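I have placed the structure first, in the form of structure tokens, so that the comments after it can refer back to it.
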Amino acid sequence: MTYTSIVDKAIFNEFKKQNGISLMNHVANTCSIDDFIAVSSVLCPEIIEIEGYIFISEFYHNNIAGLKKQFDNNRKNIEQWVNSWSLGDFFVAAYTDSIENERIIKQFGDVLVYFWKRRLNELFPDKKIIVEIGENIMGENGLTITIYQET
């Protein structure tokens with residue numbers, strides 16, 4: 001029995017520069033241990049809960065009072081505003097042509113959704129937290145990931 005990866009191995013054929021014969025081999029040939037640990041912090045980010053709101057801590061700027069006023073205490077809008085992230089913007093300082101490949105950027109989004117859902121379900125098993133990708137969410141450009149609680 002074979003249990004496939006969450007990553008479609010055919011996506012490797014879309015890479016402009018292949019450094020190996022497979023996805024795992026590519027990682028072994030291109031990522032340092034420091035890089036891999038840093039990537040792990042993106043896949044399983046630090047999560048904070050402030051007054052019942054759930055945020056990825058990297059995106060939260062200690063401004064809950066202003067957010068509550070700005071969004072009239074609308075939990076979904078507050079959480080989406082803080083937790084929305086344009087997938088292409090993640091790679092601004094590490095731009096490659098792959099950013100322009102819709103299949104690759106979509107695969108990246110799918111990977112984040114997979115891991116973020118599991119992380120949030122592990123931390124908050126009794127809350128209904130939505131992790132989704134879509135276009136231009138909350139003013140972000142292009143394909144965007146967001147999280148929010150469903151009420």
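Residues in the structure tokens are numbered from 1 in each chain, the chains being A, B, ... in the order shown, and ligands are numbered from 1 in the order shown.
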
Contacts of stretch 26-43 of chain A within 7 Å, only C-alpha atoms, excl. fewer than 5 positions in-chain, as a PDB file with C-alpha atoms, in the first residue's frame:
ATOM      1  CA  GLN A  18      15.794  20.968 -10.255  1.00  0.00           C
ATOM      2  CA  ASN A  19      18.537  20.086  -7.786  1.00  0.00           C
ATOM      3  CA  GLY A  20      18.075  16.355  -7.599  1.00  0.00           C
ATOM      4  CA  ILE A  21      15.904  13.555  -8.889  1.00  0.00           C
ATOM      5  CA  LEU A 112       0.082  25.605   4.301  1.00  0.00           C
ATOM      6  CA  PHE A 115      -0.395  22.020   8.197  1.00  0.00           C
ATOM      7  CA  TRP A 116      -2.169  25.072   9.616  1.00  0.00           C
TER       8      TRP A 116
END

Contacts between stretch 128-146 of chain A and stretch 9-82 of chain A, please, where a residue of stretch 9-82 of chain A counts if it comes within 10 Å (with only C-alpha atoms); show its shortest atom pair and distance in Å to one decimal, rows by chain and ascending number, as CSV.
residue,atom,partner,partner_atom,distance
A:Ile54,CA,A:Ile129,CA,8.8
A:Ile56,CA,A:Thr146,CA,9.9
A:Lys76,CA,A:Ile130,CA,9.9
A:Asn77,CA,A:Met138,CA,8.3
A:Ile78,CA,A:Met138,CA,9.9
A:Glu79,CA,A:Thr146,CA,8.3
A:Gln80,CA,A:Thr146,CA,5.8
A:Trp81,CA,A:Met138,CA,5.8
A:Val82,CA,A:Thr146,CA,8.5

> So how far away is atom CA of A:Val92 from atom CA of A:Cys44, in Å?
Replying inline: 20.9 Å

> Pick the closest to A:Val7 from A:Glu122, A:Asp110, A:Glu150, A:Asp72: which is it, counting only C-alpha atoms?
Replying inline: A:Asp110

> Taking into account only C-alpha atoms, which residue in the set A:Phe90, A:Phe108, A:Tyr95, A:Thr151 is nearest to A:Asp126?
Replying inline: A:Thr151
